[in-house]
$ cat final.cif   # mmCIF, C-alpha atoms
data_query
loop_
_atom_site.group_PDB
_atom_site.id
_atom_site.type_symbol
_atom_site.label_atom_id
_atom_site.label_comp_id
_atom_site.auth_asym_id
_atom_site.auth_seq_id
_atom_site.Cartn_x
_atom_site.Cartn_y
_atom_site.Cartn_z
ATOM 1 C CA MET H 9 -10.267 -2.817 -28.449
ATOM 2 C CA ASN H 10 -12.540 0.089 -27.610
ATOM 3 C CA PHE H 11 -10.746 2.764 -25.574
ATOM 4 C CA ALA H 12 -12.312 5.561 -23.528
ATOM 5 C CA ALA H 13 -9.685 8.148 -22.630
ATOM 6 C CA VAL H 14 -10.286 10.435 -19.637
ATOM 7 C CA LEU H 15 -7.688 13.193 -19.323
ATOM 8 C CA ASN H 16 -7.484 15.483 -16.310
ATOM 9 C CA ARG H 17 -6.342 18.791 -17.768
ATOM 10 C CA ASP H 18 -5.534 20.013 -14.235
ATOM 11 C CA GLY H 19 -3.518 16.952 -13.236
ATOM 12 C CA GLY H 20 0.187 16.202 -13.388
ATOM 13 C CA THR H 21 2.134 17.093 -16.510
ATOM 14 C CA LEU H 22 -1.098 17.379 -18.529
ATOM 15 C CA ARG H 23 -1.429 20.899 -17.113
ATOM 16 C CA THR H 24 1.444 21.972 -19.367
ATOM 17 C CA THR H 25 0.710 19.676 -22.320
ATOM 18 C CA ASP H 26 -0.945 20.750 -25.586
ATOM 19 C CA LEU H 27 -3.872 18.382 -25.112
ATOM 20 C CA MET H 28 -5.442 18.994 -28.517
ATOM 21 C CA ALA H 29 -2.233 18.017 -30.301
ATOM 22 C CA PHE H 30 -1.749 15.083 -27.954
ATOM 23 C CA SER H 31 -5.334 13.926 -28.598
ATOM 24 C CA ASP H 32 -4.605 13.895 -32.325
ATOM 25 C CA ARG H 33 -1.549 11.711 -31.700
ATOM 26 C CA MET H 34 -3.632 9.398 -29.512
ATOM 27 C CA ARG H 35 -6.161 8.908 -32.274
ATOM 28 C CA GLN H 36 -3.507 8.316 -34.915
ATOM 29 C CA THR H 37 -1.589 5.818 -32.780
ATOM 30 C CA LEU H 38 -4.526 3.750 -31.544
ATOM 31 C CA GLU H 39 -6.848 3.931 -34.554
ATOM 32 C CA SER H 40 -4.061 3.010 -36.956
ATOM 33 C CA ALA H 41 -3.588 -0.135 -34.856
ATOM 34 C CA GLY H 42 -7.271 -1.021 -35.308
ATOM 35 C CA HIS H 43 -8.670 0.298 -32.039
ATOM 36 C CA SER H 44 -11.502 2.767 -31.473
ATOM 37 C CA LEU H 45 -11.107 5.747 -29.183
ATOM 38 C CA SER H 46 -13.235 8.366 -27.470
ATOM 39 C CA ILE H 47 -11.560 11.211 -25.573
ATOM 40 C CA ASP H 48 -12.863 13.360 -22.734
ATOM 41 C CA ILE H 49 -10.682 16.227 -21.527
ATOM 42 C CA VAL H 50 -12.119 17.567 -18.297
ATOM 43 C CA ALA H 51 -11.266 19.673 -15.260
ATOM 44 C CA GLY H 52 -10.211 17.948 -12.066
ATOM 45 C CA ARG H 53 -13.564 18.592 -10.424
ATOM 46 C CA ASP H 54 -15.290 16.594 -13.190
ATOM 47 C CA ILE H 55 -12.947 13.579 -13.218
ATOM 48 C CA ALA H 56 -15.036 11.349 -10.941
ATOM 49 C CA GLU H 57 -18.236 11.846 -12.949
ATOM 50 C CA THR H 58 -16.450 11.330 -16.281
ATOM 51 C CA LEU H 59 -14.736 8.153 -15.067
ATOM 52 C CA ASP H 60 -18.074 6.811 -13.847
ATOM 53 C CA SER H 61 -19.533 7.419 -17.290
ATOM 54 C CA ALA H 62 -16.631 5.712 -19.074
ATOM 55 C CA VAL H 63 -16.704 2.662 -16.803
ATOM 56 C CA SER H 64 -20.464 2.279 -17.219
ATOM 57 C CA ARG H 65 -20.324 2.084 -21.032
ATOM 58 C CA ARG H 66 -20.810 -1.552 -22.001
ATOM 59 C CA THR H 67 -18.873 -1.312 -25.259
ATOM 60 C CA ILE H 68 -15.678 -0.034 -23.645
ATOM 61 C CA ASP H 69 -12.807 -2.483 -23.108
ATOM 62 C CA VAL H 70 -10.138 -0.126 -21.740
ATOM 63 C CA VAL H 71 -10.376 3.086 -19.734
ATOM 64 C CA LEU H 72 -7.270 5.128 -20.469
ATOM 65 C CA ALA H 73 -6.691 7.516 -17.546
ATOM 66 C CA GLY H 74 -4.345 10.488 -17.651
ATOM 67 C CA GLY H 75 -3.494 12.743 -14.731
ATOM 68 C CA GLY H 76 -1.741 12.660 -11.379
ATOM 69 C CA ASP H 77 -1.880 9.996 -8.669
ATOM 70 C CA GLY H 78 -5.403 10.974 -7.659
ATOM 71 C CA THR H 79 -6.770 10.455 -11.160
ATOM 72 C CA ILE H 80 -5.133 7.049 -11.594
ATOM 73 C CA SER H 81 -6.241 5.871 -8.159
ATOM 74 C CA ALA H 82 -9.812 7.026 -8.810
ATOM 75 C CA ALA H 83 -9.899 5.167 -12.127
ATOM 76 C CA ALA H 84 -8.497 1.977 -10.581
ATOM 77 C CA ALA H 85 -11.034 2.091 -7.747
ATOM 78 C CA ARG H 86 -13.882 2.199 -10.265
ATOM 79 C CA LEU H 87 -12.429 -0.671 -12.318
ATOM 80 C CA MET H 88 -11.627 -2.929 -9.371
ATOM 81 C CA GLY H 89 -13.296 -6.306 -9.842
ATOM 82 C CA LYS H 90 -14.496 -5.480 -13.358
ATOM 83 C CA LYS H 91 -13.577 -7.003 -16.716
ATOM 84 C CA LYS H 92 -12.648 -3.621 -18.186
ATOM 85 C CA ALA H 93 -8.951 -2.787 -18.040
ATOM 86 C CA LEU H 94 -7.079 0.329 -16.965
ATOM 87 C CA ALA H 95 -4.424 1.919 -19.163
ATOM 88 C CA ILE H 96 -2.238 4.485 -17.385
ATOM 89 C CA LEU H 97 -0.809 7.570 -19.022
ATOM 90 C CA PRO H 98 2.242 8.409 -16.856
ATOM 91 C CA ALA H 99 1.433 12.076 -16.252
ATOM 92 C CA GLY H 100 2.174 12.209 -12.521
ATOM 93 C CA THR H 101 5.303 13.329 -10.699
ATOM 94 C CA MET H 102 6.843 9.908 -10.040
ATOM 95 C CA ASN H 103 4.371 7.516 -11.756
ATOM 96 C CA LEU H 104 5.271 4.741 -9.321
ATOM 97 C CA PHE H 105 2.374 2.381 -10.104
ATOM 98 C CA ALA H 106 3.003 2.793 -13.828
ATOM 99 C CA ARG H 107 6.699 2.044 -13.304
ATOM 100 C CA GLY H 108 5.802 -1.184 -11.526
ATOM 101 C CA LEU H 109 3.722 -2.181 -14.561
ATOM 102 C CA GLY H 110 6.620 -1.526 -16.949
ATOM 103 C CA ILE H 111 4.884 1.361 -18.713
ATOM 104 C CA PRO H 112 7.280 3.812 -20.428
ATOM 105 C CA GLN H 113 7.541 7.168 -18.704
ATOM 106 C CA SER H 114 6.763 9.464 -21.623
ATOM 107 C CA LEU H 115 3.192 9.989 -22.820
ATOM 108 C CA ASP H 116 3.898 9.150 -26.453
ATOM 109 C CA ALA H 117 6.020 6.091 -25.651
ATOM 110 C CA ALA H 118 3.255 4.779 -23.390
ATOM 111 C CA LEU H 119 0.714 5.252 -26.178
ATOM 112 C CA GLU H 120 2.864 3.243 -28.566
ATOM 113 C CA THR H 121 2.854 0.289 -26.166
ATOM 114 C CA PHE H 122 -0.925 0.500 -25.712
ATOM 115 C CA ALA H 123 -1.404 -0.011 -29.455
ATOM 116 C CA ASP H 124 -0.266 -3.641 -29.173
ATOM 117 C CA GLY H 125 -0.485 -4.051 -25.404
ATOM 118 C CA GLU H 126 -1.927 -6.983 -23.505
ATOM 119 C CA ILE H 127 -4.208 -7.189 -20.482
ATOM 120 C CA ILE H 128 -3.022 -8.794 -17.247
ATOM 121 C CA ALA H 129 -4.487 -8.964 -13.739
ATOM 122 C CA VAL H 130 -2.642 -7.273 -10.864
ATOM 123 C CA ASP H 131 -3.386 -6.695 -7.196
ATOM 124 C CA MET H 132 -5.074 -3.857 -5.392
ATOM 125 C CA ALA H 133 -5.354 -3.129 -1.683
ATOM 126 C CA THR H 134 -8.014 -1.566 0.497
ATOM 127 C CA ALA H 135 -7.957 0.516 3.687
ATOM 128 C CA ASN H 136 -11.294 0.168 5.484
ATOM 129 C CA GLY H 137 -12.752 -0.806 2.125
ATOM 130 C CA GLN H 138 -11.310 2.139 0.189
ATOM 131 C CA PRO H 139 -9.155 0.866 -2.718
ATOM 132 C CA PHE H 140 -5.594 1.990 -3.380
ATOM 133 C CA VAL H 141 -2.990 0.917 -5.919
ATOM 134 C CA HIS H 142 0.274 2.088 -4.363
ATOM 135 C CA GLN H 143 0.489 2.984 -0.672
ATOM 136 C CA PHE H 144 -1.359 3.888 2.505
ATOM 137 C CA SER H 145 0.873 5.756 4.956
ATOM 138 C CA ILE H 146 0.809 7.672 8.218
ATOM 139 C CA GLY H 147 3.295 9.767 10.140
ATOM 140 C CA MET H 148 6.153 11.405 8.254
ATOM 141 C CA HIS H 149 4.752 10.960 4.766
ATOM 142 C CA ALA H 150 1.382 12.405 5.742
ATOM 143 C CA LYS H 151 3.005 15.377 7.457
ATOM 144 C CA MET H 152 5.213 15.994 4.422
ATOM 145 C CA VAL H 153 2.192 16.024 2.088
ATOM 146 C CA GLN H 154 0.325 18.386 4.420
ATOM 147 C CA LEU H 155 3.268 20.801 4.405
ATOM 148 C CA ARG H 156 3.688 20.541 0.627
ATOM 149 C CA GLN H 157 0.050 21.404 0.040
ATOM 150 C CA LYS H 158 0.691 24.817 1.613
ATOM 151 C CA MET H 159 3.388 25.591 -0.973
ATOM 152 C CA GLU H 160 2.921 26.907 -4.489
ATOM 153 C CA PHE H 161 4.316 25.081 -7.511
ATOM 154 C CA GLY H 162 3.226 24.958 -11.124
ATOM 155 C CA SER H 163 5.291 22.170 -12.654
ATOM 156 C CA ARG H 164 6.682 18.706 -12.032
ATOM 157 C CA LEU H 165 10.058 20.157 -11.051
ATOM 158 C CA GLY H 166 8.320 22.639 -8.787
ATOM 159 C CA LYS H 167 6.509 19.808 -7.022
ATOM 160 C CA ILE H 168 9.759 17.901 -6.561
ATOM 161 C CA GLY H 169 11.333 21.015 -5.044
ATOM 162 C CA ALA H 170 8.348 21.547 -2.758
ATOM 163 C CA SER H 171 8.548 17.893 -1.687
ATOM 164 C CA ALA H 172 12.205 18.323 -0.768
ATOM 165 C CA LYS H 173 11.428 21.406 1.335
ATOM 166 C CA ALA H 174 8.531 19.627 3.038
ATOM 167 C CA ALA H 175 10.704 16.584 3.722
ATOM 168 C CA TRP H 176 13.373 18.733 5.390
ATOM 169 C CA ALA H 177 10.748 20.493 7.516
ATOM 170 C CA THR H 178 9.422 17.075 8.552
ATOM 171 C CA ILE H 179 12.909 15.865 9.454
ATOM 172 C CA LYS H 180 13.421 18.900 11.688
ATOM 173 C CA ASN H 181 10.128 18.299 13.512
ATOM 174 C CA PRO H 182 9.086 14.672 12.999
ATOM 175 C CA PRO H 183 5.718 13.332 14.130
ATOM 176 C CA ALA H 184 5.447 10.656 16.809
ATOM 177 C CA MET H 185 2.402 8.422 17.117
ATOM 178 C CA ASN H 186 1.447 5.660 19.532
ATOM 179 C CA VAL H 187 0.020 2.769 17.549
ATOM 180 C CA THR H 188 -0.784 -0.902 17.682
ATOM 181 C CA LEU H 189 -0.147 -2.826 14.480
ATOM 182 C CA GLY H 190 -1.623 -6.278 14.000
ATOM 183 C CA ILE H 191 0.072 -8.443 11.370
ATOM 184 C CA GLY H 192 -1.433 -11.885 11.059
ATOM 185 C CA ASP H 193 -1.527 -13.388 14.549
ATOM 186 C CA ALA H 194 1.157 -11.031 15.879
ATOM 187 C CA GLU H 195 0.564 -7.607 17.393
ATOM 188 C CA MET H 196 3.039 -4.852 18.214
ATOM 189 C CA THR H 197 2.563 -1.601 20.129
ATOM 190 C CA ALA H 198 5.113 1.147 19.526
ATOM 191 C CA ARG H 199 5.750 4.853 19.242
ATOM 192 C CA ILE H 200 6.465 5.322 15.557
ATOM 193 C CA SER H 201 7.400 8.151 13.236
ATOM 194 C CA GLY H 202 5.984 6.509 10.151
ATOM 195 C CA ILE H 203 4.230 3.451 8.739
ATOM 196 C CA GLY H 204 3.708 2.688 5.063
ATOM 197 C CA VAL H 205 1.547 -0.204 3.884
ATOM 198 C CA THR H 206 2.054 -0.949 0.210
ATOM 199 C CA ASN H 207 0.311 -2.866 -2.533
ATOM 200 C CA ASN H 208 3.027 -5.560 -2.746
ATOM 201 C CA LEU H 209 6.596 -5.279 -1.512
ATOM 202 C CA PHE H 210 8.781 -2.542 -2.933
ATOM 203 C CA GLY H 211 11.730 -3.677 -5.015
ATOM 204 C CA GLU H 212 15.289 -2.861 -4.018
ATOM 205 C CA GLY H 213 17.685 -0.450 -5.698
ATOM 206 C CA HIS H 214 15.192 1.899 -7.330
ATOM 207 C CA LEU H 215 12.351 4.301 -6.567
ATOM 208 C CA PRO H 216 9.723 2.865 -4.199
ATOM 209 C CA TYR H 217 7.483 0.714 -6.385
ATOM 210 C CA ALA H 218 6.661 -2.985 -6.536
ATOM 211 C CA ASP H 219 8.691 -5.182 -8.855
ATOM 212 C CA ASN H 220 5.847 -7.707 -8.844
ATOM 213 C CA PRO H 221 2.422 -6.007 -8.855
ATOM 214 C CA ALA H 222 0.759 -9.424 -8.624
ATOM 215 C CA GLY H 223 2.703 -10.771 -5.646
ATOM 216 C CA GLY H 224 -0.367 -11.132 -3.445
ATOM 217 C CA VAL H 225 1.043 -9.486 -0.289
ATOM 218 C CA LEU H 226 1.061 -6.195 1.549
ATOM 219 C CA GLY H 227 4.440 -4.646 2.243
ATOM 220 C CA ILE H 228 4.516 -3.143 5.745
ATOM 221 C CA TYR H 229 7.280 -0.634 6.524
ATOM 222 C CA VAL H 230 7.622 0.672 10.076
ATOM 223 C CA THR H 231 10.136 3.270 11.255
ATOM 224 C CA VAL H 232 10.720 4.513 14.787
ATOM 225 C CA ALA H 233 13.536 6.900 13.808
ATOM 226 C CA GLN H 234 13.359 10.279 15.594
ATOM 227 C CA GLN H 235 16.870 11.743 15.563
ATOM 228 C CA ARG H 236 17.691 14.056 12.680
ATOM 229 C CA ALA H 237 20.613 11.950 11.418
ATOM 230 C CA GLU H 238 18.442 8.832 11.495
ATOM 231 C CA LEU H 239 15.683 10.542 9.536
ATOM 232 C CA VAL H 240 18.067 11.931 6.912
ATOM 233 C CA LYS H 241 19.392 8.413 6.386
ATOM 234 C CA PHE H 242 15.834 7.078 6.201
ATOM 235 C CA PHE H 243 14.770 9.521 3.472
ATOM 236 C CA PHE H 244 18.034 9.001 1.566
ATOM 237 C CA ASN H 245 17.708 5.216 1.644
ATOM 238 C CA MET H 246 14.028 5.419 0.725
ATOM 239 C CA ALA H 247 14.790 7.477 -2.391
ATOM 240 C CA ARG H 248 17.428 4.940 -3.473
ATOM 241 C CA GLY H 249 15.312 1.892 -2.697
ATOM 242 C CA LYS H 250 17.695 0.738 0.026
ATOM 243 C CA TRP H 251 15.046 -0.210 2.547
ATOM 244 C CA ARG H 252 16.882 -3.229 3.880
ATOM 245 C CA ASP H 253 20.019 -1.180 4.538
ATOM 246 C CA ASN H 254 18.245 0.943 7.153
ATOM 247 C CA GLU H 255 18.420 -0.352 10.721
ATOM 248 C CA HIS H 256 15.528 1.907 11.722
ATOM 249 C CA VAL H 257 13.021 0.285 9.336
ATOM 250 C CA GLU H 258 11.206 -2.969 10.039
ATOM 251 C CA ILE H 259 9.767 -4.729 6.989
ATOM 252 C CA HIS H 260 6.901 -7.201 7.202
ATOM 253 C CA GLN H 261 4.550 -8.817 4.722
ATOM 254 C CA ALA H 262 1.031 -10.134 5.161
ATOM 255 C CA ASP H 263 -2.312 -10.317 3.396
ATOM 256 C CA ARG H 264 -3.997 -8.283 6.151
ATOM 257 C CA ALA H 265 -2.958 -5.693 8.733
ATOM 258 C CA VAL H 266 -4.882 -3.784 11.404
ATOM 259 C CA LEU H 267 -3.624 -0.364 12.479
ATOM 260 C CA LYS H 268 -4.925 1.241 15.691
ATOM 261 C CA ILE H 269 -4.090 4.838 16.655
ATOM 262 C CA HIS H 270 -3.718 5.631 20.362
ATOM 263 C CA SER H 271 -2.315 9.167 20.164
ATOM 264 C CA GLY H 272 -4.758 11.902 21.120
ATOM 265 C CA GLY H 273 -5.893 14.843 19.043
ATOM 266 C CA ARG H 274 -7.371 15.106 15.574
ATOM 267 C CA LYS H 275 -4.359 16.485 13.718
ATOM 268 C CA PHE H 276 -3.220 13.202 12.218
ATOM 269 C CA ARG H 277 -4.049 12.345 8.615
ATOM 270 C CA ALA H 278 -3.163 9.497 6.287
ATOM 271 C CA VAL H 279 -1.972 9.543 2.702
ATOM 272 C CA MET H 280 -3.481 7.138 0.206
ATOM 273 C CA ASP H 281 -2.030 7.094 -3.304
ATOM 274 C CA GLY H 282 -0.632 10.581 -2.767
ATOM 275 C CA GLU H 283 -3.869 12.121 -1.483
ATOM 276 C CA LEU H 284 -4.554 13.193 2.102
ATOM 277 C CA VAL H 285 -7.459 11.320 3.691
ATOM 278 C CA ARG H 286 -9.015 11.104 7.145
ATOM 279 C CA LEU H 287 -7.195 8.757 9.499
ATOM 280 C CA ASP H 288 -9.603 6.546 11.408
ATOM 281 C CA ARG H 289 -8.762 5.292 14.890
ATOM 282 C CA GLU H 290 -8.692 1.771 13.466
ATOM 283 C CA THR H 291 -7.865 0.839 9.885
ATOM 284 C CA THR H 292 -7.971 -2.631 8.363
ATOM 285 C CA ILE H 293 -5.762 -2.967 5.304
ATOM 286 C CA GLU H 294 -6.092 -5.968 2.980
ATOM 287 C CA ILE H 295 -4.572 -7.154 -0.272
ATOM 288 C CA LYS H 296 -6.967 -8.007 -3.122
ATOM 289 C CA PRO H 297 -5.108 -10.386 -5.459
ATOM 290 C CA GLY H 298 -5.817 -10.013 -9.171
ATOM 291 C CA ALA H 299 -8.531 -7.412 -8.552
ATOM 292 C CA LEU H 300 -7.530 -5.024 -11.356
ATOM 293 C CA ASN H 301 -7.072 -5.629 -15.069
ATOM 294 C CA VAL H 302 -4.394 -3.408 -16.593
ATOM 295 C CA LEU H 303 -3.103 -2.862 -20.111
ATOM 296 C CA VAL H 304 0.667 -3.279 -20.207
ATOM 297 C CA PRO H 305 3.321 -3.481 -22.929
ATOM 298 C CA ALA H 306 3.254 -6.855 -24.694
ATOM 299 C CA SER H 307 6.832 -7.549 -23.609
ATOM 300 C CA VAL H 308 5.852 -7.138 -19.943
ATOM 301 C CA ALA H 309 2.854 -9.462 -20.269
ATOM 302 C CA GLN H 310 4.953 -12.092 -22.035
ATOM 303 C CA ALA H 311 7.697 -11.896 -19.391
ATOM 304 C CA LYS H 312 5.189 -12.385 -16.585
ATOM 305 C CA ALA H 313 3.623 -15.334 -18.403
ATOM 306 C CA ALA H 314 6.991 -17.036 -18.920
#

$ encode --input "final.cif" --output "structure tokens"
Amino acid sequence: MNFAAVLNRDGGTLRTTDLMAFSDRMRQTLESAGHSLSIDIVAGRDIAETLDSAVSRRTIDVVLAGGGDGTISAAAARLMGKKKALAILPAGTMNLFARGLGIPQSLDAALETFADGEIIAVDMATANGQPFVHQFSIGMHAKMVQLRQKMEFGSRLGKIGASAKAAWATIKNPPAMNVTLGIGDAEMTARISGIGVTNNLFGEGHLPYADNPAGGVLGIYVTVAQQRAELVKFFFNMARGKWRDNEHVEIHQADRAVLKIHSGGRKFRAVMDGELVRLDRETTIEIKPGALNVLVPASVAQAKAA
């Protein structure tokens, strides 16, 4: 296969990686397995243009994207509905989409699996037409990300620490939003503290990622918790993947959801694949089954085919 690697030198753990040495290992691993490889190492501001160039090249079979959540989401959006496949270097903080695909969590181990990997089709989702691979969320998660962006951190551990501080600040002063949520033919109006809509249902007993990235449904998680003890329990259960143990979380699934915001003011934002985005007054979220080709370890592809 012909690989085009696009590495964001400003993104995720690549900021602290010797990218020249890593590029040499990439070439050795993939070329020795019979593949061809081109590598572009660029600044974050140039990622979009470089991804566009890689996707447009007719001879390329796989775009290998390395960086944080924003880089991976941007690559997936450009490959949605195309024959070319996405290979994910797990260089983010939690690498949740990569975990759901069974990709090893170290850069070199992931490369080894790409050498003899196989291509499968998995789902994507869209929010008002904008693609995402993991989650669209409002309320507590968005506020936490906004607070974290004001903090300084220079490493993965630093980001985890900043996230913990932002989460505690959010627990002490949680947001409350009046919304209407349409799920299929049903519609609910409530005052919520958070809603997350995910590309397939999260699995239980682990970090929040989908066990089946080709399940064909949105996971819809609604919490109305407001008291501090309730919110602490919510965050604790979320981190452990114990969604169904929390009496303050409603879980739904559907292929389409419509979210309407009734609260006044312009301070509310949404988070999509870890990035803050504008929150429209009405957002239609839809699952797109099999819309993305991904390169996964051969063992994962064989297990899914069984």

$ closest_residue --input "final.cif" --among "H:Lys90, H:Ala135, H:Gly108, H:Ala99" --to "Arg66 of chain H" --atoms "all atoms listed in the file"
H:Lys90

$ atom_distance --input "final.cif" --atom1 "atom CA of Ala150 of chain H" --atom2 "atom CA of Val240 of chain H"
16.7 Å

$ atom_distance --input "final.cif" --atom1 "atom CA of Ala311 of chain H" --atom2 "atom CA of Ala84 of chain H"
23.1 Å

$ resolve_selection --input "final.cif" --expression "the PyMOL selection byres ((chain H and resi 168-185) around 10)" --output "PyMOL selection string"
chain H and resi 101-102+146-161+163-167+186-188+198-203+232-240+242-243+269-272+276

$ axis_aligned_box --input "final.cif" --around "segment 175-191 of chain H" --padding-each-side "3 Å" --output "AutoDock Vina command-line options"
--center_x 5.9 --center_y 6.0 --center_z 11.6 --size_x 21.0 --size_y 34.9 --size_z 21.8

$ atom_distance --input "final.cif" --atom1 "atom CA of Asn103 of chain H" --atom2 "atom CA of Pro216 of chain H"
10.4 Å

$ residues_around --input "final.cif" --residues "segment 280-285 of chain H" --least-positions-apart "5" --cutoff "6 Å" --atoms "all atoms listed in the file" --output "list in words"
His142, Gln143 and Phe144 of chain H

$ resolve_selection --input "final.cif" --expression "the PyMOL selection byres ((chain H and resi 249) around 6)" --output "list of chain:residue names"
H:Glu212, H:Gly213, H:His214, H:Leu215, H:Pro216, H:Asn245, H:Met246, H:Ala247, H:Arg248, H:Lys250, H:Trp251

$ closest_residue --input "final.cif" --among "H:Ala82, H:Ile49, H:Leu287, H:Leu59" --to "Ser145 of chain H" --atoms "only C-alpha atoms"
H:Leu287

$ resolve_selection --input "final.cif" --expression "the PyMOL selection byres ((chain H and resi 260) around 10)" --output "ChimeraX atom specification"
/H:191,205,209,225-230,257-259,261-262

$ write_last_selection --input "final.cif" --atoms "C-alpha atoms" --output "PDB file, in the frame of the given file"
ATOM      1  CA  ILE H 191       0.072  -8.443  11.370  1.00  0.00           C
ATOM      2  CA  VAL H 205       1.547  -0.204   3.884  1.00  0.00           C
ATOM      3  CA  LEU H 209       6.596  -5.279  -1.512  1.00  0.00           C
ATOM      4  CA  VAL H 225       1.043  -9.486  -0.289  1.00  0.00           C
ATOM      5  CA  LEU H 226       1.061  -6.195   1.549  1.00  0.00           C
ATOM      6  CA  GLY H 227       4.440  -4.646   2.243  1.00  0.00           C
ATOM      7  CA  ILE H 228       4.516  -3.143   5.745  1.00  0.00           C
ATOM      8  CA  TYR H 229       7.280  -0.634   6.524  1.00  0.00           C
ATOM      9  CA  VAL H 230       7.622   0.672  10.076  1.00  0.00           C
ATOM     10  CA  VAL H 257      13.021   0.285   9.336  1.00  0.00           C
ATOM     11  CA  GLU H 258      11.206  -2.969  10.039  1.00  0.00           C
ATOM     12  CA  ILE H 259       9.767  -4.729   6.989  1.00  0.00           C
ATOM     13  CA  GLN H 261       4.550  -8.817   4.722  1.00  0.00           C
ATOM     14  CA  ALA H 262       1.031 -10.134   5.161  1.00  0.00           C
TER      15      ALA H 262
END

$ closest_residue --input "final.cif" --among "H:Ala85, H:Leu104, H:Met34, H:Val279" --to "Gln138 of chain H" --atoms "only C-alpha atoms"
H:Ala85

$ closest_residue --input "final.cif" --among "H:Lys92, H:Ala83, H:Arg107, H:Ile47" --to "Met28 of chain H" --atoms "all atoms listed in the file"
H:Ile47

$ residues_near_point --input "final.cif" --point "(-10.4, 10.2, -23.4)" --cutoff "7 Å" --atoms "all atoms listed in the file" --output "mmCIF file with C-alpha atoms, in the coordinates of the input"
data_model
loop_
_atom_site.group_PDB
_atom_site.id
_atom_site.type_symbol
_atom_site.label_atom_id
_atom_site.label_comp_id
_atom_site.auth_asym_id
_atom_site.auth_seq_id
_atom_site.Cartn_x
_atom_site.Cartn_y
_atom_site.Cartn_z
ATOM 1 C CA ALA H 12 -12.312 5.561 -23.528
ATOM 2 C CA ALA H 13 -9.685 8.148 -22.630
ATOM 3 C CA VAL H 14 -10.286 10.435 -19.637
ATOM 4 C CA LEU H 15 -7.688 13.193 -19.323
ATOM 5 C CA SER H 46 -13.235 8.366 -27.470
ATOM 6 C CA ILE H 47 -11.560 11.211 -25.573
ATOM 7 C CA ASP H 48 -12.863 13.360 -22.734
ATOM 8 C CA ILE H 49 -10.682 16.227 -21.527
ATOM 9 C CA LEU H 72 -7.270 5.128 -20.469
#

$ closest_residue --input "final.cif" --among "H:Val50, H:Ala56, H:Met88, H:Ala194" --to "Gly137 of chain H" --atoms "only C-alpha atoms"
H:Met88

$ residues_around --input "final.cif" --residues "Asn301 of chain H" --least-positions-apart "4" --cutoff "8 Å" --atoms "only C-alpha atoms" --output "NGL selection string"
:H and (87-88 or 90-94 or 127-130)

$ closest_residue --input "final.cif" --among "H:Leu109, H:Asp288, H:Phe11, H:Ala133" --to "Ala62 of chain H" --atoms "all atoms listed in the file"
H:Phe11
